[in-house]
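K.L.:
Sharing input_8.cif (mmCIF, C-alpha atoms) below.
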data_run
loop_
_atom_site.label_atom_id
_atom_site.label_comp_id
_atom_site.auth_asym_id
_atom_site.auth_seq_id
_atom_site.Cartn_x
_atom_site.Cartn_y
_atom_site.Cartn_z
CA MET A 540 7.37 -32.01 -49.85
CA PRO A 541 6.69 -28.99 -47.62
CA THR A 542 6.98 -29.33 -43.85
CA PHE A 543 4.58 -27.91 -41.28
CA VAL A 544 4.94 -27.26 -37.57
CA PHE A 545 2.16 -28.11 -35.17
CA ALA A 546 2.39 -25.91 -32.07
CA TYR A 547 0.18 -27.40 -29.38
CA ARG A 548 -1.70 -24.98 -27.14
CA THR A 549 -2.83 -26.35 -23.80
CA SER A 550 -5.47 -25.02 -21.48
CA GLY A 551 -4.31 -23.91 -18.06
CA ASN A 552 -5.62 -27.06 -16.40
CA TYR A 553 -4.09 -29.72 -18.70
CA ASN A 554 -2.74 -32.82 -16.96
CA SER A 555 -1.45 -35.84 -18.83
CA THR A 556 -3.23 -39.12 -18.11
CA PRO A 557 -2.60 -42.66 -19.34
CA GLU A 558 -5.61 -42.23 -21.64
CA SER A 559 -4.32 -38.96 -23.11
CA ALA A 560 -0.87 -40.49 -23.63
CA ALA A 561 -2.47 -43.39 -25.52
CA ALA A 562 -4.46 -40.96 -27.68
CA TRP A 563 -1.30 -39.03 -28.58
CA LYS A 564 0.58 -42.24 -29.41
CA ALA A 565 -2.24 -43.47 -31.64
CA TRP A 566 -2.42 -40.13 -33.44
CA PHE A 567 1.34 -40.01 -34.02
CA ASP A 568 1.41 -43.65 -35.15
CA GLY A 569 -1.35 -42.88 -37.65
CA MET A 570 0.84 -40.26 -39.35
CA GLY A 571 3.33 -42.88 -40.50
CA ASP A 572 6.22 -41.50 -42.55
CA ASP A 573 4.61 -38.03 -42.69
CA LEU A 574 5.77 -37.43 -39.11
CA VAL A 575 9.14 -35.73 -39.68
CA ASP A 576 9.91 -34.86 -36.04
CA LEU A 577 7.84 -36.13 -33.13
CA GLY A 578 8.91 -32.99 -31.29
CA LYS A 579 8.82 -32.54 -27.56
CA PRO A 580 6.44 -31.36 -24.88
CA ALA A 581 7.10 -27.92 -23.45
CA ALA A 582 7.41 -27.17 -19.74
CA GLY A 583 7.98 -24.04 -17.71
CA ALA A 584 6.74 -21.78 -20.48
CA ALA A 585 6.67 -18.00 -20.32
CA THR A 586 5.41 -15.49 -22.89
CA LEU A 587 6.39 -12.13 -24.27
CA GLY A 588 4.03 -10.08 -26.39
CA ASN A 589 0.65 -11.25 -27.69
CA CYS A 590 0.50 -15.03 -27.37
CA GLY A 591 -3.24 -15.49 -26.98
CA PRO A 592 -5.19 -15.63 -23.72
CA GLY A 593 -6.08 -18.80 -21.87
CA THR A 594 -3.58 -21.23 -23.40
CA ALA A 595 0.11 -22.00 -23.14
CA LEU A 596 2.60 -23.66 -25.44
CA GLY A 597 2.37 -27.37 -24.79
CA GLY A 598 4.85 -28.69 -27.35
CA TYR A 599 5.43 -29.11 -31.06
CA SER A 600 5.77 -31.63 -33.88
CA VAL A 601 6.81 -31.35 -37.53
CA ILE A 602 5.06 -33.18 -40.36
CA SER A 603 5.33 -33.27 -44.12
CA ALA A 604 2.22 -32.64 -46.19
CA PRO A 605 1.51 -31.52 -49.75
CA ASP A 606 -0.11 -28.24 -48.62
CA LEU A 607 -1.70 -26.39 -45.71
CA ASP A 608 -5.10 -28.01 -46.26
CA ALA A 609 -3.56 -31.48 -45.97
CA ALA A 610 -1.67 -30.45 -42.82
CA LEU A 611 -4.90 -29.07 -41.32
CA ALA A 612 -6.65 -32.36 -42.10
CA VAL A 613 -3.99 -34.18 -40.05
CA ALA A 614 -4.18 -31.59 -37.26
CA LYS A 615 -7.93 -32.16 -36.91
CA GLY A 616 -7.09 -35.46 -35.20
CA CYS A 617 -4.94 -33.80 -32.53
CA PRO A 618 -5.92 -35.07 -29.06
CA GLN A 619 -5.40 -31.55 -27.68
CA LEU A 620 -8.60 -30.47 -29.44
CA ASN A 621 -10.60 -32.76 -27.13
CA ARG A 622 -9.00 -31.27 -24.00
CA ASP A 623 -9.93 -27.61 -24.34
CA GLY A 624 -6.70 -26.79 -26.18
CA GLY A 625 -5.69 -26.16 -29.74
CA VAL A 626 -3.04 -26.60 -32.39
CA GLU A 627 -1.47 -23.89 -34.53
CA VAL A 628 -0.36 -25.07 -37.97
CA ALA A 629 2.18 -23.24 -40.12
CA GLN A 630 4.37 -24.11 -43.08
CA LEU A 631 8.09 -23.96 -42.39
CA VAL A 632 10.12 -22.06 -44.98
CA ASP A 633 13.83 -21.71 -45.58
CA VAL A 634 15.68 -18.91 -43.84
CA PRO A 635 17.24 -16.49 -46.35
CA ALA A 636 20.98 -17.03 -46.67
CA ALA A 637 21.75 -13.55 -45.34
CA LEU A 638 20.06 -14.37 -42.03
CA ARG A 639 21.73 -17.73 -41.40
CA THR A 640 24.30 -17.94 -38.62
CA GLY A 641 27.75 -17.00 -39.83
CA GLN A 642 26.49 -15.16 -42.92
CA GLN A 643 26.93 -11.48 -43.51
CA ALA A 644 23.76 -9.45 -44.03
CA GLY A 645 23.76 -7.44 -47.26
#
Would you mind writing the file's structure down as structure tokens?

P.N.:
Amino acid sequence: MPTFVFAYRTSGNYNSTPESAAAWKAWFDGMGDDLVDLGKPAAGAATLGNCGPGTALGGYSVISAPDLDAALAVAKGCPQLNRDGGVEVAQLVDVPAALRTGQQAG
């Protein structure tokens, strides 16, 4: 089954609270076996290039889903959406063999 990354975008004034932590835990628990990698929160972020105004990378997770629409349906429950933030969703694809570490490019 395809895997998708959720990149959480936080507003500049995001602070974790016991209530927000409980909301995240409940959301993750609800994913069951579709949660491939809980991921980690991000701290001390910096940007280069066009990364979108008003938000910063807050962390990531990886899930499995049949397609992008199914992944988006899961993402709609993200607690970040209720805290003036967002979530970017993208399918992860294999890196071509020529680009993998230790491989020669053709």

K.L.:
Report the residues retrieved by the PyMOL selection byres ((chain A and resi 632) around 9) from the displayed file, expressed as number ranges by chain.

P.N.:
A: 541-543, 630-631, 633-634

K.L.:
Give the answer as one residue: which of A:Tyr547, A:Trp563, A:Tyr599, A:Tyr553 has the shortest atom-to-atom distance to Val575 of chain A, using all atoms listed in the file?

P.N.:
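When distances to Val575 of chain A are compared using all atoms listed in the file, the smallest one comes from A:Tyr599.
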
K.L.:
Under the rule that only C-alpha atoms are counted, which of A:Val544, A:Leu596, A:Leu607, A:Val626 is the nearest residue to Gly583 of chain A?

P.N.:
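Going through A:Val544, A:Leu596, A:Leu607, A:Val626 one by one, the smallest distance to Gly583 of chain A is for A:Leu596.
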
K.L.:
Which residues would end up in the selection if the PyMOL selection byres ((chain A and resi 617) around 9) were applied here, given that I need the answer as a PDB file with C-alpha atoms, in the coordinates of the input?

P.N.:
ATOM      1  CA  TYR A 547       0.180 -27.400 -29.380  1.00  0.00           C
ATOM      2  CA  ALA A 562      -4.460 -40.960 -27.680  1.00  0.00           C
ATOM      3  CA  TRP A 563      -1.300 -39.030 -28.580  1.00  0.00           C
ATOM      4  CA  TRP A 566      -2.420 -40.130 -33.440  1.00  0.00           C
ATOM      5  CA  PHE A 567       1.340 -40.010 -34.020  1.00  0.00           C
ATOM      6  CA  VAL A 613      -3.990 -34.180 -40.050  1.00  0.00           C
ATOM      7  CA  ALA A 614      -4.180 -31.590 -37.260  1.00  0.00           C
ATOM      8  CA  LYS A 615      -7.930 -32.160 -36.910  1.00  0.00           C
ATOM      9  CA  GLY A 616      -7.090 -35.460 -35.200  1.00  0.00           C
ATOM     10  CA  PRO A 618      -5.920 -35.070 -29.060  1.00  0.00           C
ATOM     11  CA  GLN A 619      -5.400 -31.550 -27.680  1.00  0.00           C
ATOM     12  CA  LEU A 620      -8.600 -30.470 -29.440  1.00  0.00           C
ATOM     13  CA  ASN A 621     -10.600 -32.760 -27.130  1.00  0.00           C
ATOM     14  CA  GLY A 625      -5.690 -26.160 -29.740  1.00  0.00           C
ATOM     15  CA  VAL A 626      -3.040 -26.600 -32.390  1.00  0.00           C
TER      16      VAL A 626
END

K.L.:
For the atom pair atom CA of Gly578 of chain A and atom CA of Phe545 of chain A, what is the interatomic distance in Å to one decimal place?

P.N.:
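It comes out at 9.2 Å.
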
K.L.:
Please determine, counting all atoms listed in the file, which residue among A:Met570, A:Ala581, A:Ser559, A:Asp606 has the shortest atom-to-atom distance to Val628 of chain A.

P.N.:
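Ranked by minimum distance to Val628 of chain A, first place goes to A:Asp606.
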
K.L.:
Using all atoms listed in the file for the distances, tell me which of A:Ala636, A:Asn554, A:Gly597, A:Ala546 is nearest to Ala584 of chain A.

P.N.:
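Closest to Ala584 of chain A, using all atoms listed in the file: A:Gly597.
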
K.L.:
Identify which of the residues A:Thr594, A:Ser600, A:Ser555, A:Ser550 lies closest to Leu574 of chain A, counting all atoms listed in the file when measuring atom-to-atom distances.

P.N.:
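Of A:Thr594, A:Ser600, A:Ser555, A:Ser550, the one nearest Leu574 of chain A, counting all atoms listed in the file, is A:Ser600.
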
K.L.:
To one decimal place in Å, what is the distance between atom CA of Pro592 of chain A and atom CA of Thr549 of chain A?

P.N.:
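Going from atom CA of Pro592 of chain A over to atom CA of Thr549 of chain A, I get 11.0 Å.
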
K.L.:
So how far away is atom CA of Pro605 of chain A from atom CA of Asp568 of chain A, in Å?

P.N.:
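Pair atom CA of Asp568 of chain A / atom CA of Pro605 of chain A returns 19.0 Å.
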
K.L.:
Hey, what's within 10 Å of Asn552 of chain A if we count only C-alpha atoms and toss same-chain stuff fewer than 6 positions away? As a list in words, please?

P.N.:
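The contact residues come out as Gly593, Thr594, Arg622, Asp623 and Gly624 of chain A.
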
K.L.:
Starting from the incomplete input, reconstruct N, CA and C atoms of segment 602-629 of chain A and report them as an mmCIF file, in the coordinates of the input.

P.N.:
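Contents of the output file part-v6.cif:
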data_model
loop_
_atom_site.group_PDB
_atom_site.id
_atom_site.type_symbol
_atom_site.label_atom_id
_atom_site.label_comp_id
_atom_site.auth_asym_id
_atom_site.auth_seq_id
_atom_site.Cartn_x
_atom_site.Cartn_y
_atom_site.Cartn_z
ATOM 1 N N ILE A 602 5.519 -32.178 -39.409
ATOM 2 C CA ILE A 602 5.060 -33.180 -40.360
ATOM 3 C C ILE A 602 5.356 -32.716 -41.783
ATOM 4 N N SER A 603 5.292 -33.656 -42.716
ATOM 5 C CA SER A 603 5.330 -33.270 -44.120
ATOM 6 C C SER A 603 3.937 -33.482 -44.685
ATOM 7 N N ALA A 604 3.539 -32.581 -45.559
ATOM 8 C CA ALA A 604 2.220 -32.640 -46.190
ATOM 9 C C ALA A 604 2.304 -31.866 -47.501
ATOM 10 N N PRO A 605 1.455 -32.204 -48.459
ATOM 11 C CA PRO A 605 1.510 -31.520 -49.750
ATOM 12 C C PRO A 605 1.175 -30.030 -49.675
ATOM 13 N N ASP A 606 0.311 -29.641 -48.717
ATOM 14 C CA ASP A 606 -0.110 -28.240 -48.620
ATOM 15 C C ASP A 606 -0.752 -28.009 -47.260
ATOM 16 N N LEU A 607 -1.120 -26.758 -47.000
ATOM 17 C CA LEU A 607 -1.700 -26.390 -45.710
ATOM 18 C C LEU A 607 -3.003 -27.133 -45.448
ATOM 19 N N ASP A 608 -3.830 -27.300 -46.468
ATOM 20 C CA ASP A 608 -5.100 -28.010 -46.260
ATOM 21 C C ASP A 608 -4.866 -29.440 -45.799
ATOM 22 N N ALA A 609 -3.878 -30.106 -46.377
ATOM 23 C CA ALA A 609 -3.560 -31.480 -45.970
ATOM 24 C C ALA A 609 -3.024 -31.506 -44.542
ATOM 25 N N ALA A 610 -2.188 -30.525 -44.188
ATOM 26 C CA ALA A 610 -1.670 -30.450 -42.820
ATOM 27 C C ALA A 610 -2.795 -30.199 -41.821
ATOM 28 N N LEU A 611 -3.739 -29.331 -42.185
ATOM 29 C CA LEU A 611 -4.900 -29.070 -41.320
ATOM 30 C C LEU A 611 -5.745 -30.324 -41.144
ATOM 31 N N ALA A 612 -5.875 -31.118 -42.202
ATOM 32 C CA ALA A 612 -6.650 -32.360 -42.100
ATOM 33 C C ALA A 612 -6.011 -33.297 -41.079
ATOM 34 N N VAL A 613 -4.682 -33.360 -41.050
ATOM 35 C CA VAL A 613 -3.990 -34.180 -40.050
ATOM 36 C C VAL A 613 -4.187 -33.578 -38.663
ATOM 37 N N ALA A 614 -4.064 -32.266 -38.561
ATOM 38 C CA ALA A 614 -4.180 -31.590 -37.260
ATOM 39 C C ALA A 614 -5.559 -31.769 -36.631
ATOM 40 N N LYS A 615 -6.574 -31.980 -37.454
ATOM 41 C CA LYS A 615 -7.930 -32.160 -36.910
ATOM 42 C C LYS A 615 -8.037 -33.364 -35.990
ATOM 43 N N GLY A 616 -7.095 -34.305 -36.089
ATOM 44 C CA GLY A 616 -7.090 -35.460 -35.200
ATOM 45 C C GLY A 616 -6.316 -35.256 -33.918
ATOM 46 N N CYS A 617 -5.777 -34.066 -33.704
ATOM 47 C CA CYS A 617 -4.940 -33.800 -32.530
ATOM 48 C C CYS A 617 -5.740 -34.006 -31.235
ATOM 49 N N PRO A 618 -5.230 -34.844 -30.328
ATOM 50 C CA PRO A 618 -5.920 -35.070 -29.060
ATOM 51 C C PRO A 618 -6.120 -33.800 -28.234
ATOM 52 N N GLN A 619 -5.284 -32.801 -28.441
ATOM 53 C CA GLN A 619 -5.400 -31.550 -27.680
ATOM 54 C C GLN A 619 -6.746 -30.876 -27.935
ATOM 55 N N LEU A 620 -7.322 -31.092 -29.097
ATOM 56 C CA LEU A 620 -8.600 -30.470 -29.440
ATOM 57 C C LEU A 620 -9.742 -30.993 -28.564
ATOM 58 N N ASN A 621 -9.576 -32.176 -28.008
ATOM 59 C CA ASN A 621 -10.600 -32.760 -27.130
ATOM 60 C C ASN A 621 -10.375 -32.404 -25.668
ATOM 61 N N ARG A 622 -9.340 -31.601 -25.381
ATOM 62 C CA ARG A 622 -9.000 -31.270 -24.000
ATOM 63 C C ARG A 622 -8.956 -29.771 -23.773
ATOM 64 N N ASP A 623 -9.806 -29.050 -24.498
ATOM 65 C CA ASP A 623 -9.930 -27.610 -24.340
ATOM 66 C C ASP A 623 -8.661 -26.859 -24.736
ATOM 67 N N GLY A 624 -7.911 -27.428 -25.680
ATOM 68 C CA GLY A 624 -6.700 -26.790 -26.180
ATOM 69 C C GLY A 624 -6.803 -26.593 -27.672
ATOM 70 N N GLY A 625 -5.691 -26.379 -28.309
ATOM 71 C CA GLY A 625 -5.690 -26.160 -29.740
ATOM 72 C C GLY A 625 -4.360 -26.532 -30.358
ATOM 73 N N VAL A 626 -4.288 -26.351 -31.662
ATOM 74 C CA VAL A 626 -3.040 -26.600 -32.390
ATOM 75 C C VAL A 626 -2.908 -25.530 -33.474
ATOM 76 N N GLU A 627 -1.775 -24.850 -33.467
ATOM 77 C CA GLU A 627 -1.470 -23.890 -34.530
ATOM 78 C C GLU A 627 -0.684 -24.641 -35.591
ATOM 79 N N VAL A 628 -1.009 -24.385 -36.854
ATOM 80 C CA VAL A 628 -0.360 -25.070 -37.970
ATOM 81 C C VAL A 628 0.247 -24.019 -38.883
ATOM 82 N N ALA A 629 1.523 -24.192 -39.217
ATOM 83 C CA ALA A 629 2.180 -23.240 -40.120
ATOM 84 C C ALA A 629 3.223 -23.965 -40.948
#
